[in-house]
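Participant: Next up, structure.tsv (TSV, C-alpha atoms).
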chain	number	residue	atom	x	y	z
A	1	MET	CA	35.02	-32.76	19.83
A	2	GLU	CA	32.34	-30.11	20.48
A	3	THR	CA	34.02	-27.69	18.07
A	4	ARG	CA	34.14	-30.30	15.30
A	5	ASP	CA	30.45	-31.10	15.88
A	6	LEU	CA	29.53	-27.43	15.58
A	7	GLU	CA	31.48	-27.10	12.33
A	8	ARG	CA	30.11	-30.32	10.79
A	9	PRO	CA	27.55	-29.58	8.07
A	10	LYS	CA	24.05	-30.70	9.02
A	11	THR	CA	22.61	-33.70	7.23
A	12	LYS	CA	19.36	-33.40	5.28
A	13	GLU	CA	17.61	-35.42	7.98
A	14	GLU	CA	18.83	-33.00	10.67
A	15	ILE	CA	17.67	-29.99	8.66
A	16	VAL	CA	14.23	-31.51	8.07
A	17	TYR	CA	13.98	-32.50	11.75
A	18	GLU	CA	14.61	-28.88	12.76
A	19	GLN	CA	12.15	-27.57	10.15
A	20	LEU	CA	9.39	-29.90	11.34
A	21	LYS	CA	10.10	-29.14	15.00
A	22	GLU	CA	9.86	-25.43	14.22
A	23	LEU	CA	6.52	-25.98	12.46
A	24	ILE	CA	5.19	-27.90	15.45
A	25	LEU	CA	6.30	-25.42	18.08
A	26	GLN	CA	5.06	-22.44	16.06
A	27	GLY	CA	1.65	-24.01	15.43
A	28	GLY	CA	2.25	-24.69	11.73
A	29	ILE	CA	0.95	-28.24	12.06
A	30	PRO	CA	-2.61	-28.53	13.46
A	31	LEU	CA	-3.00	-30.41	16.73
A	32	ASN	CA	-4.72	-33.82	16.78
A	33	THR	CA	-4.97	-33.87	12.98
A	34	PHE	CA	-3.50	-36.84	11.12
A	35	LEU	CA	-1.14	-35.88	8.32
A	36	SER	CA	0.52	-38.19	5.82
A	37	GLN	CA	4.29	-38.29	5.51
A	38	ARG	CA	3.82	-37.09	1.94
A	39	THR	CA	1.92	-34.02	3.16
A	40	LEU	CA	4.67	-33.22	5.64
A	41	ALA	CA	7.29	-33.74	2.93
A	42	GLY	CA	5.52	-31.09	0.89
A	43	LYS	CA	5.61	-28.65	3.80
A	44	VAL	CA	9.41	-28.84	4.08
A	45	ASP	CA	10.19	-29.62	0.43
A	46	ALA	CA	11.94	-32.91	1.17
A	47	ALA	CA	11.75	-36.55	0.14
A	48	VAL	CA	9.34	-38.79	2.05
A	49	ILE	CA	12.18	-41.06	3.17
A	50	THR	CA	13.98	-38.05	4.70
A	51	VAL	CA	10.81	-36.94	6.48
A	52	ARG	CA	10.34	-40.46	7.81
A	53	ALA	CA	13.80	-40.38	9.42
A	54	ALA	CA	13.11	-36.96	10.96
A	55	LEU	CA	9.77	-38.13	12.30
A	56	ARG	CA	11.43	-40.97	14.18
A	57	GLN	CA	13.48	-38.41	16.11
A	58	LEU	CA	10.42	-36.21	16.72
A	59	GLU	CA	8.57	-39.26	18.00
A	60	ASN	CA	11.45	-39.97	20.40
A	61	ASP	CA	11.14	-36.36	21.56
A	62	GLY	CA	7.44	-36.90	22.25
A	63	LEU	CA	6.42	-34.15	19.82
A	64	VAL	CA	4.52	-36.41	17.42
A	65	GLU	CA	2.63	-39.69	17.45
A	66	ASN	CA	2.85	-42.08	14.52
A	67	VAL	CA	-0.30	-44.19	14.27
A	68	PRO	CA	-0.14	-47.03	11.70
A	69	HIS	CA	-2.68	-46.73	8.85
A	70	TRP	CA	-3.69	-43.25	10.03
A	71	GLY	CA	-0.62	-41.06	9.86
A	72	VAL	CA	1.27	-38.66	12.09
A	73	ARG	CA	-0.26	-36.17	14.47
A	74	VAL	CA	0.84	-33.63	17.07
A	75	PRO	CA	-1.01	-34.63	20.27
A	76	GLU	CA	-2.66	-31.80	22.15
A	77	GLU	CA	-1.58	-31.10	25.71
A	78	THR	CA	-4.27	-30.67	28.36
A	79	PRO	CA	-3.95	-29.39	31.95
A	80	ALA	CA	-4.41	-32.98	33.16
A	81	THR	CA	-1.59	-34.41	31.01
A	82	VAL	CA	0.75	-31.56	31.95
A	83	GLN	CA	0.01	-32.01	35.66
A	84	ASP	CA	0.60	-35.76	35.42
A	85	ARG	CA	3.95	-35.28	33.71
A	86	TYR	CA	5.06	-32.72	36.28
A	87	ARG	CA	3.94	-34.99	39.11
A	88	LEU	CA	6.21	-37.73	37.82
A	89	ARG	CA	9.00	-35.25	37.16
A	90	ARG	CA	8.77	-34.07	40.76
A	91	LEU	CA	8.99	-37.62	42.13
A	92	PHE	CA	12.07	-38.49	40.08
A	93	GLU	CA	13.99	-35.25	40.46
A	94	LEU	CA	13.44	-34.74	44.18
A	95	GLU	CA	14.58	-38.29	44.92
A	96	ALA	CA	17.59	-37.80	42.64
A	97	ALA	CA	18.46	-34.56	44.46
A	98	ARG	CA	18.39	-36.34	47.82
A	99	GLU	CA	20.75	-39.01	46.51
A	100	ILE	CA	23.13	-36.40	45.11
A	101	VAL	CA	23.27	-34.51	48.42
A	102	ARG	CA	23.96	-37.72	50.37
A	103	ASN	CA	26.78	-38.72	48.04
A	104	ARG	CA	28.05	-35.42	46.69
A	105	GLU	CA	31.57	-35.90	48.02
A	106	GLN	CA	32.00	-38.66	45.41
A	107	ILE	CA	30.18	-36.91	42.52
A	108	ASP	CA	31.82	-34.81	39.83
A	109	SER	CA	29.67	-31.70	39.42
A	110	SER	CA	31.62	-30.14	36.54
A	111	ASP	CA	29.35	-31.25	33.67
A	112	LEU	CA	26.20	-30.20	35.50
A	113	LEU	CA	27.65	-26.79	36.35
A	114	LYS	CA	28.68	-26.33	32.71
A	115	ILE	CA	25.18	-27.13	31.41
A	116	ALA	CA	23.61	-24.82	34.02
A	117	ALA	CA	25.91	-21.99	32.94
A	118	GLN	CA	24.94	-22.58	29.30
A	119	CYS	CA	21.24	-22.49	30.22
A	120	ASP	CA	21.62	-19.24	32.07
A	121	GLY	CA	23.80	-17.79	29.32
A	122	ILE	CA	21.15	-18.10	26.60
A	123	ASP	CA	19.97	-14.72	25.35
A	124	LEU	CA	16.44	-14.45	26.76
A	125	ASP	CA	15.13	-11.81	24.36
A	126	PRO	CA	12.62	-12.79	21.63
A	127	GLU	CA	15.47	-13.44	19.20
A	128	GLY	CA	17.18	-15.92	21.52
A	129	ASP	CA	17.50	-19.57	20.57
A	130	LEU	CA	14.55	-21.21	22.29
A	131	HIS	CA	15.38	-24.62	20.75
A	132	GLU	CA	18.86	-24.52	22.21
A	133	PHE	CA	17.44	-23.56	25.59
A	134	GLY	CA	14.88	-26.39	25.44
A	135	ASP	CA	17.63	-28.91	24.68
A	136	LEU	CA	19.93	-27.58	27.40
A	137	HIS	CA	17.15	-27.42	29.98
A	138	TYR	CA	16.27	-31.05	29.29
A	139	ARG	CA	19.94	-32.09	29.48
A	140	LEU	CA	20.33	-30.29	32.81
A	141	HIS	CA	17.47	-32.09	34.50
A	142	MET	CA	18.33	-35.41	32.86
A	143	GLU	CA	21.85	-35.05	34.24
A	144	ILE	CA	20.47	-34.44	37.74
A	145	VAL	CA	18.61	-37.74	37.55
A	146	ASP	CA	21.60	-39.53	36.02
A	147	LEU	CA	23.86	-38.38	38.87
A	148	ALA	CA	21.62	-40.20	41.35
A	149	GLY	CA	23.35	-43.34	40.07
A	150	SER	CA	20.28	-45.42	39.22
A	151	PRO	CA	20.12	-46.56	35.56
A	152	LEU	CA	16.52	-47.73	36.10
A	153	MET	CA	15.50	-44.31	37.41
A	154	SER	CA	17.12	-42.63	34.40
A	155	ARG	CA	15.33	-44.92	31.94
A	156	MET	CA	11.96	-44.39	33.59
A	157	TYR	CA	12.50	-40.63	33.71
A	158	GLU	CA	13.15	-40.58	29.95
A	159	ARG	CA	9.95	-42.52	29.28
A	160	ILE	CA	7.63	-39.76	30.49
A	161	ASN	CA	8.35	-37.70	27.35
A	162	LEU	CA	10.11	-34.88	29.16
A	163	LYS	CA	11.75	-33.66	25.97
A	164	LYS	CA	8.29	-32.65	24.83
A	165	LEU	CA	7.66	-30.87	28.13
A	166	PHE	CA	10.90	-28.91	27.94
A	167	PHE	CA	10.40	-27.93	24.28
A	168	TRP	CA	6.92	-26.54	24.97
A	169	ASN	CA	8.10	-24.94	28.20
A	170	ALA	CA	10.86	-23.10	26.34
A	171	LEU	CA	8.42	-21.83	23.72
A	172	ARG	CA	5.86	-20.63	26.26
A	173	THR	CA	8.55	-19.05	28.42
A	174	TRP	CA	9.89	-17.15	25.41
A	175	LYS	CA	6.46	-15.64	24.84
A	176	ASN	CA	6.16	-14.38	28.40
A	177	SER	CA	9.20	-12.50	29.70
A	178	SER	CA	7.80	-12.40	33.25
A	179	THR	CA	8.37	-16.16	33.58
A	180	ARG	CA	12.10	-16.05	32.78
A	181	HIS	CA	14.58	-16.53	35.60
A	182	ILE	CA	18.16	-15.58	34.72
A	183	GLY	CA	20.77	-17.38	36.82
A	184	ASP	CA	18.21	-19.73	38.32
A	185	HIS	CA	19.87	-22.95	37.10
A	186	GLY	CA	23.38	-22.12	38.23
A	187	ALA	CA	22.13	-21.30	41.73
A	188	LEU	CA	20.18	-24.54	41.84
A	189	VAL	CA	23.18	-26.66	40.89
A	190	GLU	CA	25.47	-24.86	43.33
A	191	ALA	CA	22.96	-25.58	46.10
A	192	LEU	CA	22.95	-29.27	45.17
A	193	PHE	CA	26.61	-29.47	46.09
A	194	SER	CA	26.77	-27.10	49.05
A	195	SER	CA	23.41	-26.69	50.84
A	196	PRO	CA	21.58	-28.91	53.34
A	197	GLU	CA	19.24	-31.53	51.88
A	198	ASP	CA	16.01	-29.85	52.96
A	199	GLU	CA	17.06	-26.55	51.36
A	200	VAL	CA	18.00	-28.30	48.11
A	201	VAL	CA	14.69	-30.16	47.95
A	202	THR	CA	12.77	-26.92	48.61
A	203	LEU	CA	14.66	-25.03	45.87
A	204	LEU	CA	14.17	-27.78	43.32
A	205	GLU	CA	10.50	-28.21	44.16
A	206	GLN	CA	9.96	-24.47	43.78
A	207	HIS	CA	11.76	-24.61	40.41
A	208	ILE	CA	9.55	-27.44	39.18
A	209	ASN	CA	6.33	-25.95	40.55
A	210	ARG	CA	7.09	-22.62	38.89
A	211	GLY	CA	7.40	-24.42	35.57
A	212	LEU	CA	4.06	-26.14	36.13
A	213	GLU	CA	2.33	-22.90	37.05
A	214	ASN	CA	3.65	-21.22	33.91
A	215	GLU	CA	2.54	-24.14	31.75
A	216	LEU	CA	-0.99	-24.11	33.16
A	217	LYS	CA	-1.28	-20.34	32.76
A	218	MET	CA	-0.20	-20.53	29.14
A	219	LEU	CA	-2.57	-23.40	28.38
A	220	LYS	CA	-5.43	-21.47	29.95
A	221	SER	CA	-4.64	-18.36	27.90
A	222	GLN	CA	-4.58	-20.42	24.71
A	223	ASN	CA	-8.01	-21.88	25.42
A	224	THR	CA	-9.74	-18.60	26.25
What would you get if you wrote out this structure as structure tokens?
Facilitator:
Amino acid sequence: METRDLERPKTKEEIVYEQLKELILQGGIPLNTFLSQRTLAGKVDAAVITVRAALRQLENDGLVENVPHWGVRVPEETPATVQDRYRLRRLFELEAAREIVRNREQIDSSDLLKIAAQCDGIDLDPEGDLHEFGDLHYRLHMEIVDLAGSPLMSRMYERINLKKLFFWNALRTWKNSSTRHIGDHGALVEALFSSPEDEVVTLLEQHINRGLENELKMLKSQNT
């Protein structure tokens, strides 16, 4: 199934979605500025109806806001919004980790280990695929929460726009090689299924806090 998906030609909507996401992450669309769908269509040379479909996906990712009668904008992140999102992320993921440790004898870890290996296998030089890493990183942490076995927790975790956080985190990490940690995710997942609960919680909290510190440093450098 995965091989067929990789070989399937991308639809026009998928291509436009990737083009717009690239523009957003590379700063090609000004922050907090309302743009019409027609203006965005001109940027990617596509029909308005195609752009509209791509924008729905970008809105689900948390990368854009669509305000009726005004247009679409890329909301600007602030230290306060980043800290809030990480605070919620910490609450969800640490509780999920505790549940996994308590029930790990009944949990299949194969998918999580596979995603972790894919994360750590991404080429971390400037030519590496930061979008792929952002997607995989999000999937990894979403899977950790899913394995806790609470559908409500998973739904609430998705609602805090973590896709946006992981996309920006990937971009900022790519620009600063000192923040990259090869093998970090595989070690974290292995600990989930072999180490004592307090060690797992400490490792995961350090992982999350490191991401927050990097985010705040990058935001500060952008504003100075």
Participant: Between A:Arg90, A:His207, A:Arg104, A:His131, which one has atoms that come closest to A:Gln26, using all atoms listed in the file?
Facilitator: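 Nearest to A:Gln26: A:His131.
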Participant: Please determine, counting only C-alpha atoms, which residue among A:Ala80, A:Leu23, A:Val16, A:Ala117 has the shortest atom-to-atom distance to A:Arg52.
Facilitator: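 Nearest candidate to A:Arg52 out of A:Ala80, A:Leu23, A:Val16, A:Ala117: A:Val16.
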Participant: Looking at A:Gly134, A:Gly149, A:Pro68, A:Pro9, which one is nearest to A:Ile100, with distances taken over only C-alpha atoms?
Facilitator: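 For A:Ile100, the nearest of the candidates is A:Gly149.
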Participant: Suppose you want the space between atom CA of A:Glu76 and atom CA of A:Leu31; what is it in Å?
Facilitator: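 Separating atom CA of A:Glu76 from atom CA of A:Leu31 is a distance of 5.6 Å.
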Participant: Would you list the contacts of A:Lys164 as a list in words, taking every protein, DNA or RNA residue within 9 Å and counting only C-alpha atoms, but skipping same-chain residues closer than 3 positions in sequence?
Facilitator: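 The residues that qualify are Asp61, Gly62, Leu63, Asn161, Phe167, Trp168 and Asn169 of chain A.
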Participant: Env of A:Arg102: 12 Å cut, atoms = only C-alpha atoms, seq-sep filter 2 positions within chain, self excluded. Answer as a PDB file with C-alpha atoms, in the coordinates of the input.
Facilitator:
ATOM      1  CA  GLU A  95      14.580 -38.290  44.920  1.00  0.00           C
ATOM      2  CA  ALA A  96      17.590 -37.800  42.640  1.00  0.00           C
ATOM      3  CA  ALA A  97      18.460 -34.560  44.460  1.00  0.00           C
ATOM      4  CA  ARG A  98      18.390 -36.340  47.820  1.00  0.00           C
ATOM      5  CA  GLU A  99      20.750 -39.010  46.510  1.00  0.00           C
ATOM      6  CA  ILE A 100      23.130 -36.400  45.110  1.00  0.00           C
ATOM      7  CA  ARG A 104      28.050 -35.420  46.690  1.00  0.00           C
ATOM      8  CA  GLU A 105      31.570 -35.900  48.020  1.00  0.00           C
ATOM      9  CA  GLN A 106      32.000 -38.660  45.410  1.00  0.00           C
ATOM     10  CA  ILE A 107      30.180 -36.910  42.520  1.00  0.00           C
ATOM     11  CA  LEU A 147      23.860 -38.380  38.870  1.00  0.00           C
ATOM     12  CA  ALA A 148      21.620 -40.200  41.350  1.00  0.00           C
ATOM     13  CA  GLY A 149      23.350 -43.340  40.070  1.00  0.00           C
ATOM     14  CA  LEU A 192      22.950 -29.270  45.170  1.00  0.00           C
ATOM     15  CA  PHE A 193      26.610 -29.470  46.090  1.00  0.00           C
ATOM     16  CA  SER A 194      26.770 -27.100  49.050  1.00  0.00           C
ATOM     17  CA  SER A 195      23.410 -26.690  50.840  1.00  0.00           C
ATOM     18  CA  PRO A 196      21.580 -28.910  53.340  1.00  0.00           C
ATOM     19  CA  GLU A 197      19.240 -31.530  51.880  1.00  0.00           C
ATOM     20  CA  ASP A 198      16.010 -29.850  52.960  1.00  0.00           C
ATOM     21  CA  VAL A 200      18.000 -28.300  48.110  1.00  0.00           C
TER      22      VAL A 200
END
Participant: Please identify all polymer residues within 9 Å of A:Val82, counting only C-alpha atoms, omitting same-chain residues fewer than 5 positions from it, and present them as a tab-separated table (two decimals) with C-alpha atoms, in the frame of the given file.
Facilitator:
chain	number	residue	atom	x	y	z
A	77	GLU	CA	-1.58	-31.10	25.71
A	87	ARG	CA	3.94	-34.99	39.11
A	165	LEU	CA	7.66	-30.87	28.13
A	212	LEU	CA	4.06	-26.14	36.13
A	215	GLU	CA	2.54	-24.14	31.75
A	216	LEU	CA	-0.99	-24.11	33.16
Participant: Which residue is closest to A:Asn214? Choose from A:Asp184, A:Leu35, A:Glu199, A:Tyr86 and count only C-alpha atoms.
Facilitator: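 Of A:Asp184, A:Leu35, A:Glu199, A:Tyr86, the one nearest A:Asn214 is A:Tyr86, counting only C-alpha atoms.
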Participant: Rank A:Leu204, A:Arg73, A:Glu143, A:Leu130 by their smallest atom-to-atom distance to A:Glu22, using all atoms listed in the file, and report the top residue only.
Facilitator: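 Counting all atoms listed in the file, the residue closest to A:Glu22 is A:Leu130.
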Participant: Which residue is closest to A:Ser109? Choose from A:Val74, A:Ile49, A:Leu140, A:Val189 and count all atoms listed in the file.
Facilitator: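 Of A:Val74, A:Ile49, A:Leu140, A:Val189, the one nearest A:Ser109, counting all atoms listed in the file, is A:Val189.
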Participant: Figure out the distance between atom CA of A:Asp146 and atom CA of A:Cys119, please, to one decimal in Å.
Facilitator: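 It comes out at 18.0 Å.
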Participant: Would you work out the distance separating atom CA of A:Asp111 from atom CA of A:Ile160, expressed in Å to one decimal?
Facilitator: 23.5 Å
Participant: Please list as number ranges by chain every residue within 10 Å of A:His137, counting only C-alpha atoms and excluding residues in the same chain fewer than 4 positions away.
Facilitator: A: 115-116, 118-120, 131-133, 141-143, 163, 166-167, 169-170, 185
